[in-house]
>>> print(open('start-v5.cif').read())   # mmCIF, C-alpha atoms and all ligand atoms
data_query
#
loop_
_atom_site.label_atom_id
_atom_site.label_comp_id
_atom_site.auth_asym_id
_atom_site.auth_seq_id
_atom_site.Cartn_x
_atom_site.Cartn_y
_atom_site.Cartn_z
CA MET Z 26 8.56 66.14 32.07
CA SER Z 27 5.92 67.22 29.56
CA THR Z 28 4.55 70.63 28.72
CA ILE Z 29 0.79 70.46 29.06
CA GLY Z 30 -1.66 73.13 27.95
CA VAL Z 31 -5.07 73.40 29.59
CA PHE Z 32 -7.57 75.69 27.90
CA ASP Z 33 -11.02 76.99 28.84
CA SER Z 34 -13.14 80.05 28.18
CA GLY Z 35 -12.35 81.13 31.74
CA ILE Z 36 -11.79 79.57 35.15
CA GLY Z 37 -13.77 76.36 34.55
CA GLY Z 38 -10.75 74.39 33.34
CA LEU Z 39 -9.08 75.04 36.70
CA SER Z 40 -11.21 72.15 38.00
CA ILE Z 41 -9.31 69.95 35.52
CA LEU Z 42 -5.94 71.60 36.22
CA ASN Z 43 -6.43 70.96 39.95
CA GLU Z 44 -7.03 67.28 39.29
CA ALA Z 45 -4.01 67.14 36.94
CA LEU Z 46 -1.80 68.68 39.64
CA ASN Z 47 -3.08 66.07 42.11
CA GLN Z 48 -2.59 63.09 39.81
CA SER Z 49 0.51 64.16 37.90
CA PRO Z 50 2.25 67.21 39.34
CA GLY Z 51 5.68 66.89 37.75
CA HIS Z 52 5.03 68.80 34.53
CA GLN Z 53 5.11 72.26 33.11
CA TYR Z 54 1.44 73.35 32.98
CA LEU Z 55 0.22 76.28 30.89
CA TYR Z 56 -3.32 77.28 31.82
CA LEU Z 57 -4.97 79.52 29.22
CA ALA Z 58 -8.27 81.28 29.96
CA ASP Z 59 -10.02 83.30 27.28
CA SER Z 60 -11.41 85.56 30.01
CA ALA Z 61 -11.92 88.46 27.60
CA ASN Z 62 -14.48 86.36 25.73
CA THR Z 63 -16.13 84.21 28.37
CA PRO Z 64 -18.77 82.76 28.31
CA TYR Z 65 -18.59 80.58 25.18
CA GLY Z 66 -21.82 78.75 25.96
CA GLU Z 67 -24.16 80.95 23.98
CA LYS Z 68 -21.88 82.25 21.20
CA SER Z 69 -22.20 81.09 17.61
CA THR Z 70 -20.89 77.66 16.71
CA GLN Z 71 -18.54 79.09 14.12
CA TRP Z 72 -17.12 81.66 16.50
CA VAL Z 73 -16.49 79.03 19.22
CA SER Z 74 -14.78 76.66 16.75
CA GLU Z 75 -12.49 79.31 15.27
CA ARG Z 76 -11.62 80.80 18.62
CA SER Z 77 -10.95 77.41 20.24
CA LEU Z 78 -8.66 76.46 17.36
CA LEU Z 79 -6.77 79.74 17.76
CA MET Z 80 -6.35 79.23 21.50
CA CYS Z 81 -5.04 75.69 21.02
CA SER Z 82 -2.68 76.87 18.24
CA TRP Z 83 -1.25 79.37 20.70
CA LEU Z 84 -0.61 76.61 23.24
CA VAL Z 85 1.01 74.39 20.60
CA GLN Z 86 3.27 77.29 19.57
CA LYS Z 87 4.25 77.63 23.22
CA GLY Z 88 5.62 74.07 23.00
CA CYS Z 89 2.83 71.96 24.51
CA ASP Z 90 3.13 68.19 23.89
CA ALA Z 91 -0.44 67.73 25.07
CA VAL Z 92 -3.44 70.06 25.23
CA VAL Z 93 -6.52 69.49 27.37
CA VAL Z 94 -9.53 71.27 25.91
CA ALA Z 95 -10.97 71.70 29.41
CA CYS Z 96 -14.25 73.10 28.15
CA ASN Z 97 -17.25 71.00 27.14
CA THR Z 98 -18.47 73.72 24.80
CA ALA Z 99 -15.16 74.02 22.92
CA THR Z 100 -14.77 70.23 22.83
CA ALA Z 101 -18.25 69.82 21.38
CA GLN Z 102 -17.69 72.41 18.66
CA ALA Z 103 -14.01 72.12 17.80
CA ILE Z 104 -12.16 69.03 19.02
CA ALA Z 105 -12.26 67.22 15.66
CA MET Z 106 -10.84 70.28 13.90
CA ILE Z 107 -8.14 70.77 16.55
CA ARG Z 108 -7.06 67.11 16.33
CA GLU Z 109 -6.92 67.30 12.56
CA ARG Z 110 -4.81 70.47 12.64
CA PHE Z 111 -2.31 69.15 15.22
CA PRO Z 112 -1.89 65.40 14.66
CA GLN Z 113 1.49 65.47 16.46
CA VAL Z 114 -0.03 66.82 19.71
CA ARG Z 115 -2.09 64.78 22.15
CA ILE Z 116 -5.45 66.50 22.38
CA ILE Z 117 -7.75 65.52 25.25
CA GLY Z 118 -11.32 66.77 25.37
CA VAL Z 119 -14.09 66.73 27.96
CA GLU Z 120 -17.71 65.68 27.57
CA PRO Z 121 -20.71 65.40 29.89
CA GLY Z 122 -20.46 62.16 31.89
CA ILE Z 123 -23.77 60.70 30.83
CA LYS Z 124 -22.40 57.17 30.56
CA PRO Z 125 -21.21 56.94 34.18
CA ALA Z 126 -24.37 58.77 35.27
CA SER Z 127 -26.63 56.22 33.61
CA ALA Z 128 -24.81 53.50 35.52
CA THR Z 129 -25.05 55.44 38.81
CA SER Z 130 -28.73 56.34 38.59
CA GLN Z 131 -31.06 53.95 40.43
CA GLN Z 132 -34.17 55.55 38.96
CA LYS Z 133 -32.61 55.72 35.46
CA ILE Z 134 -33.48 59.42 35.37
CA VAL Z 135 -30.50 61.76 35.05
CA GLY Z 136 -30.31 65.55 34.91
CA VAL Z 137 -27.71 67.09 32.60
CA LEU Z 138 -26.68 70.67 33.33
CA ALA Z 139 -24.49 72.10 30.55
CA THR Z 140 -24.22 75.13 28.29
CA GLN Z 141 -26.78 75.67 25.56
CA ASN Z 142 -24.08 75.13 22.91
CA THR Z 143 -23.03 71.80 24.41
CA LEU Z 144 -26.62 70.55 24.58
CA ASN Z 145 -27.32 71.70 21.00
CA SER Z 146 -24.15 70.14 19.56
CA ASP Z 147 -24.11 67.15 17.23
CA LYS Z 148 -21.37 65.64 19.37
CA PHE Z 149 -23.63 65.60 22.45
CA LYS Z 150 -26.56 64.24 20.43
CA LEU Z 151 -24.34 61.42 19.13
CA LEU Z 152 -23.17 60.69 22.67
CA LEU Z 153 -26.78 60.43 23.83
CA ALA Z 154 -27.65 58.17 20.89
CA SER Z 155 -24.67 55.90 21.64
CA LEU Z 156 -26.19 54.79 24.96
CA ASP Z 157 -28.31 51.73 24.53
CA ASN Z 158 -29.76 51.64 28.02
CA ASN Z 159 -33.17 52.97 28.92
CA CYS Z 160 -32.07 55.95 30.94
CA GLU Z 161 -33.96 59.23 30.63
CA PHE Z 162 -31.88 62.42 30.40
CA ILE Z 163 -33.38 65.75 31.43
CA GLN Z 164 -31.35 68.46 29.70
CA GLN Z 165 -31.04 71.95 31.11
CA ALA Z 166 -28.87 74.88 30.03
CA GLY Z 167 -27.25 76.70 32.94
CA HIS Z 168 -27.86 80.25 31.66
CA GLY Z 169 -26.23 82.85 33.90
CA LEU Z 170 -24.15 80.48 36.04
CA VAL Z 171 -20.79 80.91 34.25
CA PRO Z 172 -20.64 84.74 34.59
CA LEU Z 173 -21.31 84.44 38.35
CA ILE Z 174 -18.64 81.77 38.76
CA GLU Z 175 -16.19 83.95 36.79
CA TYR Z 176 -16.70 86.62 39.47
CA GLY Z 177 -15.93 84.04 42.15
CA THR Z 178 -19.58 83.85 43.28
CA LEU Z 179 -20.01 80.20 44.23
CA LYS Z 180 -22.75 80.50 46.83
CA GLY Z 181 -25.41 82.90 48.06
CA PRO Z 182 -28.89 83.93 46.93
CA GLU Z 183 -28.18 84.49 43.21
CA ILE Z 184 -26.54 81.09 42.75
CA GLU Z 185 -29.16 79.33 44.89
CA SER Z 186 -32.03 80.88 42.99
CA LEU Z 187 -30.59 79.73 39.62
CA LEU Z 188 -29.90 76.26 41.01
CA HIS Z 189 -33.50 75.98 42.24
CA GLN Z 190 -34.75 77.16 38.86
CA TYR Z 191 -32.69 74.58 36.95
CA LEU Z 192 -32.53 71.61 39.29
CA ASP Z 193 -35.86 71.54 41.14
CA PRO Z 194 -37.73 70.49 37.96
CA MET Z 195 -35.24 67.62 37.50
CA LEU Z 196 -36.00 66.31 40.98
CA ASP Z 197 -39.72 66.79 40.40
CA GLN Z 198 -39.37 64.51 37.37
CA GLY Z 199 -37.60 61.87 39.46
CA ALA Z 200 -33.92 62.51 38.72
CA ASP Z 201 -31.53 61.11 41.32
CA THR Z 202 -28.28 61.87 39.48
CA LEU Z 203 -26.86 65.10 38.06
CA VAL Z 204 -24.20 65.42 35.37
CA LEU Z 205 -22.09 68.57 35.61
CA GLY Z 206 -21.59 69.06 31.87
CA CYS Z 207 -19.58 72.27 32.07
CA THR Z 208 -16.17 72.51 33.71
CA HIS Z 209 -17.24 75.63 35.61
CA TYR Z 210 -19.97 73.75 37.48
CA PRO Z 211 -17.82 71.60 39.82
CA PHE Z 212 -17.15 74.89 41.64
CA LEU Z 213 -20.86 74.80 42.57
CA GLN Z 214 -20.72 71.34 44.11
CA ASP Z 215 -20.93 72.67 47.70
CA ALA Z 216 -23.89 74.92 46.83
CA ILE Z 217 -25.68 72.01 45.14
CA GLU Z 218 -25.02 69.66 48.06
CA LYS Z 219 -26.19 72.32 50.51
CA ILE Z 220 -29.59 72.45 48.79
CA TYR Z 221 -30.11 68.83 47.72
CA GLY Z 222 -27.94 66.80 50.13
CA ASP Z 223 -27.79 63.18 48.96
CA ARG Z 224 -30.95 63.41 46.86
CA LEU Z 225 -28.73 64.05 43.81
CA GLN Z 226 -25.59 62.04 43.03
CA ILE Z 227 -23.19 64.40 41.26
CA VAL Z 228 -21.18 63.14 38.29
CA ASP Z 229 -18.09 65.15 37.37
CA THR Z 230 -15.63 63.63 34.92
CA SER Z 231 -12.48 65.61 35.76
CA GLN Z 232 -10.74 62.62 37.38
CA ALA Z 233 -11.44 60.43 34.34
CA VAL Z 234 -10.20 63.15 31.97
CA VAL Z 235 -6.93 63.44 33.86
CA ARG Z 236 -6.48 59.65 33.99
CA GLN Z 237 -6.74 59.73 30.19
CA LEU Z 238 -4.16 62.56 30.06
CA CYS Z 239 -1.78 60.51 32.25
CA ARG Z 240 -2.18 57.47 30.00
CA LEU Z 241 -1.36 59.55 26.93
CA ILE Z 242 1.67 61.36 28.33
CA LYS Z 243 2.90 58.04 29.75
CA ASP Z 244 4.97 59.44 32.62
CA PRO Z 245 2.53 59.82 35.48
CA GLU Z 246 5.28 58.83 37.90
CA SER Z 247 7.37 61.90 37.12
CA ILE Z 248 8.94 63.10 40.36
CA GLN Z 249 10.45 66.34 39.14
CA ASN Z 250 9.01 69.59 40.37
CA GLY Z 251 6.50 71.05 37.98
CA HIS Z 252 5.39 74.60 37.46
CA VAL Z 253 2.20 76.40 36.47
CA ASP Z 254 1.96 79.46 34.23
CA VAL Z 255 -1.46 81.08 34.14
CA TYR Z 256 -2.41 83.09 31.02
CA SER Z 257 -5.52 85.21 30.61
CA THR Z 258 -6.68 87.19 27.58
CA GLN Z 259 -8.00 89.77 30.05
CA ASP Z 260 -6.04 90.00 33.30
CA GLY Z 261 -3.52 87.35 34.32
CA ASN Z 262 -3.13 88.60 37.90
CA ALA Z 263 -6.90 88.62 38.46
CA LEU Z 264 -7.13 85.07 37.08
CA LEU Z 265 -4.32 83.82 39.29
CA GLY Z 266 -5.81 85.56 42.34
CA LEU Z 267 -9.12 83.81 41.77
CA ALA Z 268 -7.41 80.48 41.05
CA GLN Z 269 -5.51 80.72 44.35
CA LYS Z 270 -8.72 81.54 46.20
CA LEU Z 271 -10.62 78.61 44.67
CA LEU Z 272 -7.85 76.02 44.70
CA PRO Z 273 -5.41 76.05 47.56
CA HIS Z 274 -2.88 73.90 45.65
CA PRO Z 275 0.76 74.71 46.52
CA TYR Z 276 1.68 74.88 42.82
CA LEU Z 277 -0.81 77.69 42.34
CA ARG Z 278 0.81 79.66 45.16
CA ASN Z 279 4.02 79.68 43.13
CA ALA Z 280 2.42 80.08 39.70
CA THR Z 281 3.31 82.91 37.33
CA ALA Z 282 0.56 85.13 35.86
CA HIS Z 283 0.55 86.61 32.36
CA THR Z 284 -1.89 88.74 30.39
CA VAL Z 285 -1.82 87.86 26.69
CA SER Z 286 -3.41 89.25 23.61
CA ILE Z 287 -4.47 86.47 21.23
N1 LIG Z 301 -16.37 75.78 30.95
C1 LIG Z 301 -17.00 75.68 29.71
C2 LIG Z 301 -17.69 74.37 29.46
O1 LIG Z 301 -17.25 73.38 30.01
C3 LIG Z 301 -17.57 76.89 29.04
C4 LIG Z 301 -18.55 77.72 29.74
C5 LIG Z 301 -18.84 78.97 28.94
O2 LIG Z 301 -17.88 79.66 28.60
O3 LIG Z 301 -20.01 79.20 28.67
O4 LIG Z 301 -18.62 74.27 28.70
#
>>> encode(input="start-v5.cif", output="structure tokens", more="lines below")
Ligand code: DGL
Amino acid sequence: MSTIGVFDSGIGGLSILNEALNQSPGHQYLYLADSANTPYGEKSTQWVSERSLLMCSWLVQKGCDAVVVACNTATAQAIAMIRERFPQVRIIGVEPGIKPASATSQQKIVGVLATQNTLNSDKFKLLLASLDNNCEFIQQAGHGLVPLIEYGTLKGPEIESLLHQYLDPMLDQGADTLVLGCTHYPFLQDAIEKIYGDRLQIVDTSQAVVRQLCRLIKDPESIQNGHVDVYSTQDGNALLGLAQKLLPHPYLRNATAHTVSI
């Protein structure tokens, strides 16, 4: 059994935790949300790097053998620094799935919805430059989506109006595939499908990220019972309540909530 930390600015990384519990449930999971400081997507690069390093240090001090930086923004700004600081810990990051999307897209036109910080980052620009196919990527920052998702608002007029504002222009330009480049956005999958049906193929990389985690921890077959501890820098009980509402996983029903000051 491993101790695995999963960190995000808020509830977005729960989409990764859910997948980890499905693929490899027999571990001790520590989910850490920096809810007091969400969203990270439009904060300064230096602030996001320092804060992400601090959050991961806290998880390492709690005994994690592996840490998933379940936040595209934090990965883009800080993963190199985190890996350098903790060479003994397996550090897994997330990044927008533009490679699989370019293979999926028939039209070779792909929309990328991510935070402004992710889209502006050198890491994302290098990822784009590493693709040698002739796919066009339409980049759009999802301003305002993360705060709504943090309140548990996953559908309704406010969400739909932002989705129309961000995604309609992608379709108008011929996109047939959409990359969800922020771990909060998979919670909007139903709302996106309700509006666009099968006109947009959605690419979410959480399954691939967790497969990578399983390869690194090397005991995906663990049959022991695992446990989840949920930590928030704002209100652990509120975070757990929302997590239980969004993800009806049995492990979350029995999870323990903590409020921490980091
Ligand atoms: N869930 C995060 C991401 O994947 C961060 C969103 C935010 O805090 O702005 O980018």
>>> residues_near_ligand(input="start-v5.cif", ligand="ligand LIG 301 (chain Z)", cutoff="6 Å", atoms="all atoms listed in the file", output="list in words")
Asp33, Ser34, Gly37, Thr63, Pro64, Tyr65, Gly66, Cys96, Asn97, Thr98, Thr140, Val171, Cys207, Thr208 and His209 of chain Z
>>> closest_atom_pairs(input="start-v5.cif", of="range 136-213 of chain Z", to="range 228-245 of chain Z", cutoff="12 Å", atoms="all atoms listed in the file", output="tab-separated table")
residue	atom	partner	partner_atom	distance
Z:Gly136	CA	Z:Val228	CA	10.0
Z:Val137	CA	Z:Val228	CA	9.5
Z:Leu138	CA	Z:Val228	CA	10.6
Z:Ala139	CA	Z:Asp229	CA	11.7
Z:Asp201	CA	Z:Val228	CA	11.0
Z:Thr202	CA	Z:Val228	CA	7.3
Z:Leu203	CA	Z:Val228	CA	6.0
Z:Val204	CA	Z:Val228	CA	4.8
Z:Leu205	CA	Z:Asp229	CA	5.5
Z:Gly206	CA	Z:Asp229	CA	7.6
Z:Cys207	CA	Z:Asp229	CA	9.0
Z:Thr208	CA	Z:Ser231	CA	8.1
Z:His209	CA	Z:Asp229	CA	10.7
Z:Tyr210	CA	Z:Asp229	CA	8.8
Z:Pro211	CA	Z:Asp229	CA	6.9
Z:Phe212	CA	Z:Asp229	CA	10.7
Z:Leu213	CA	Z:Asp229	CA	11.3
>>> closest_residue(input="start-v5.cif", among="Z:Ala154, Z:Leu144, Z:Met80, Z:Val31", to="Gly118 in chain Z", atoms="only C-alpha atoms")
Z:Val31
>>> residues_near_point(input="start-v5.cif", point="(-34.2, 60.1, 39.2)", cutoff="10 Å", atoms="only C-alpha atoms", output="ChimeraX atom specification")
/Z:130-136,160-163,195-203,224-226
>>> atom_distance(input="start-v5.cif", atom1="CA of Gly30 in chain Z", atom2="CA of Ala105 in chain Z")
17.3 Å
>>> closest_residue(input="start-v5.cif", among="Z:Ser286, Z:Thr28, Z:Gln141, Z:Asn159", to="Val92 in chain Z", atoms="all atoms listed in the file")
Z:Thr28
>>> atom_distance(input="start-v5.cif", atom1="CA of Ser127 in chain Z", atom2="CA of Arg108 in chain Z")
28.3 Å
>>> atom_distance(input="start-v5.cif", atom1="CA of Asp260 in chain Z", atom2="CA of Ala58 in chain Z")
9.6 Å
>>> residues_around(input="start-v5.cif", residues="range 177-187 of chain Z", least_positions_apart="3", cutoff="10 Å", atoms="only C-alpha atoms", output="list in words")
Ile36, Gly167, His168, Gly169, Leu170, Val171, Pro172, Leu173, Ile174, Gln190, Tyr191, Leu192, Asp193, Tyr210, Pro211, Phe212, Leu213, Gln214, Asp215, Ala216, Ile217, Lys219, Ile220, Leu267, Ala268, Lys270 and Leu271 of chain Z
>>> closest_residue(input="start-v5.cif", among="Z:Asn158, Z:Asn62, Z:Gln53, Z:Thr70", to="Lys124 in chain Z", atoms="all atoms listed in the file")
Z:Asn158
>>> closest_residue(input="start-v5.cif", among="Z:Ile104, Z:Val253, Z:Leu55, Z:Ile117", to="Asn279 in chain Z", atoms="all atoms listed in the file")
Z:Val253
>>> axis_aligned_box(input="start-v5.cif", around="range 252-262 of chain Z", padding_each_side="3 Å", output="lines of an AutoDock Vina configuration file")
center_x = -1.3
center_y = 82.3
center_z = 32.7
size_x = 19.4
size_y = 21.4
size_z = 16.3
>>> closest_residue(input="start-v5.cif", among="Z:Tyr276, Z:Ala263, Z:Asp59, Z:Val93", to="Asn250 in chain Z", atoms="all atoms listed in the file")
Z:Tyr276
